[in-house]
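**Q** Just passing along the structure, written as C-alpha cells.
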Amino acid sequence: MRRKLTLALNFIALLPAALGFIAWQIYRSGLLTDSIIYLRASLGLLYFLIGILLTILLGVVIAFYLFFESRKQKESDSISTRSSTEHRQFLQRLDHELKNPLTTLQVELANLDEEPLPTQPTPDSVQPAESPLKRIRTQVTRLNDMVLQLRKLADLQSSDIEQAPVKIDELLDELVTEFSATKPNLTLNVPRMPWSLPEARGDADLLYLALRNVMGNAVKFTQPNESIQVRAYEDTNHIVVEVADEGSGIPEDELPHITEELFRGKGARGTPGSGLGLALVNAIVERHGGQISIRSRVDQGTVISLRLPRL
C-alpha cells in the first residue's frame, strides 16, 4: 500500500514537469512562430520548472515519511521481539526456580515412604483424615505438572515443531477410551463414512496434549451425571474439533482471559489445576496455524473449538 501511494504521488508530481518539458522542446525547435503559441510554450517552460520544484519538494516529503514510518516499524518490531524474549526468559526462569525445590521434595518424600509414620487408631464411625504426607505428595505432583507445562510453553516459543501427517480421529478415539473409564457420559461424534476425517499437519504428540487438556478440563468441571460430547468435522480447508460439556460454564467477563497463563477463574479456584492447561492448548494450536475459540453460558455449559489446517 505504501509503495503504491509513493508511485502515485510521484506520477502526479512529474505530470506537469513532463508536459512543460514537451512544450519547451516544441518552443526550442523553432517550429512555432505564432506569438500566442510562443507565450504558451513559455508557460510550458514555467510549468516545467514548477513541476521540477514540486517533484523535489514532494520527494523530500515522501523520503521523510518513509524514513519515519520505517523507524516506527523497526521500533515496533524491536518492542515485540523484546517482549517475546522476556516472556520466554520468564518462563525458563520460573521453570528453573520451581524445578530445584521440587526435586528435593520428591527425594525427601521417597525417603519418608521407607519410614512409615505411626498412625493413631480411629473409631469406626470417624473417617480417617488425609495424612500430611499424602497432602504434600499431591501438591508436589501438582507443582511438577506445572513445571512440565511451563517448559513446554517455553519450548513452543523457541523451537520448531514437527510437520507430519496426523490422524486426528485416531487421537480422539484414544482419548475418549481413556476418559470414558472415569466419565461414562462421554460420547464421540466423528465422520466415518463415506470418508473419514482428513489428516492435519503437525506434531502428533503436541496435538494429543492439546486435545487431552481440553477434554480433561471438561471432565474436571462437570458433575458425574453431566454429559460431554466430543465432535469433529471438516470445514473447507480446516478440521474443527469441539468439546462441549454441560458444566457450570464460564462468566462472560472471564472468557477473554481464559487462555492466559496462570489465570484461574472464580469457578476454578476450588478445583486442582495449574492455570496453564488452556494457555498451552492455545500455544500449540497457534503454532500449528490454527485457532481456538470458547463459547460458554453460566449454568448451561461450555464449548471449546480447535480449528486446525488440514492436509
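Convention: chains lettered A, B, ... in C-alpha cells order; per-chain residue numbering from 1; ligands numbered from 1 as shown.
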Considering only C-alpha atoms, return as a list in words whatever protein or nucleic-acid residues lie within 7 Å of Glu246 of chain A, sequence-local ones (same chain, fewer than 2 positions apart) excluded.
**A** Thr222, Glu226, Ser227, Ile228, Ser248, Gln300, Gly301 and Thr302 of chain A
**Q** Find the nearest atom pair between each residue of segment 137-197 of chain A and segment 229-232 of chain A for residues within 7 Å, count only C-alpha atoms, give distances in Å to one decimal, sort rows by chain and ascending number, and present the table as JSON lines.
**A**
```
{"residue": "A:Leu186", "atom": "CA", "partner": "A:Gln229", "partner_atom": "CA", "distance": 5.8}
{"residue": "A:Thr187", "atom": "CA", "partner": "A:Gln229", "partner_atom": "CA", "distance": 5.0}
{"residue": "A:Leu188", "atom": "CA", "partner": "A:Val230", "partner_atom": "CA", "distance": 4.8}
{"residue": "A:Asn189", "atom": "CA", "partner": "A:Arg231", "partner_atom": "CA", "distance": 4.5}
{"residue": "A:Val190", "atom": "CA", "partner": "A:Ala232", "partner_atom": "CA", "distance": 5.2}
```
**Q** Please save C-alpha atoms of the selected residues as a short mmCIF file (atom, residue, chain, number, x, y, z; two decimals), in the first residue's frame.
**A**
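Below you can see again-v6.cif, which holds the result:
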```cif
data_model
loop_
_atom_site.label_atom_id
_atom_site.label_comp_id
_atom_site.auth_asym_id
_atom_site.auth_seq_id
_atom_site.Cartn_x
_atom_site.Cartn_y
_atom_site.Cartn_z
CA LEU A 186 -18.68 -39.05 27.25
CA THR A 187 -19.59 -39.51 23.58
CA LEU A 188 -17.64 -39.10 20.35
CA ASN A 189 -19.08 -37.99 17.02
CA VAL A 190 -16.56 -38.28 14.17
#
```
**Q** Nearest to Asn282 of chain A among A:Arg297, A:Arg307, A:Lys266, A:Lys74, with distances taken over only C-alpha atoms: which residue is it?
**A**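 Smallest distance to Asn282 of chain A is found for A:Arg307.
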**Q** Let me make sure I understand: among A:Leu209, A:Val285, A:Ile250, A:Met193, which one has the smallest atom-to-atom distance to Phe221 of chain A if we use only C-alpha atoms?
**A**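 Closest residue, counting only C-alpha atoms: A:Ile250.
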**Q** Between atom CA of Leu311 of chain A and atom CA of Ala200 of chain A, what distance in Å does the model show, to one decimal?
**A**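 Taking atom CA of Leu311 of chain A as the start and atom CA of Ala200 of chain A as the end point, the length is 5.3 Å.
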**Q** For each of A:Ile56, A:Gly249, A:His288, A:Lys183, take the minimum atom-to-atom distance to Met215 of chain A, counting only C-alpha atoms, then give the residue where this is smallest.
**A**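 Going through A:Ile56, A:Gly249, A:His288, A:Lys183 one by one, the smallest distance to Met215 of chain A is for A:Lys183.
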**Q** Report as a ChimeraX atom specification all protein, DNA and RNA residues lying within 12 Å of Gly216 of chain A, evaluated on only C-alpha atoms, omitting residues in the same chain fewer than 2 positions from it.
**A** /A:175-176,178-180,182-183,186,208-214,218-222,228,230,243-245,272-273,277-278,281,304
**Q** For Ala154 of chain A, which residue among A:Ala283, A:Val166, A:Gly202, A:Ser305 is the nearest when counting only C-alpha atoms?
**A** A:Ala283
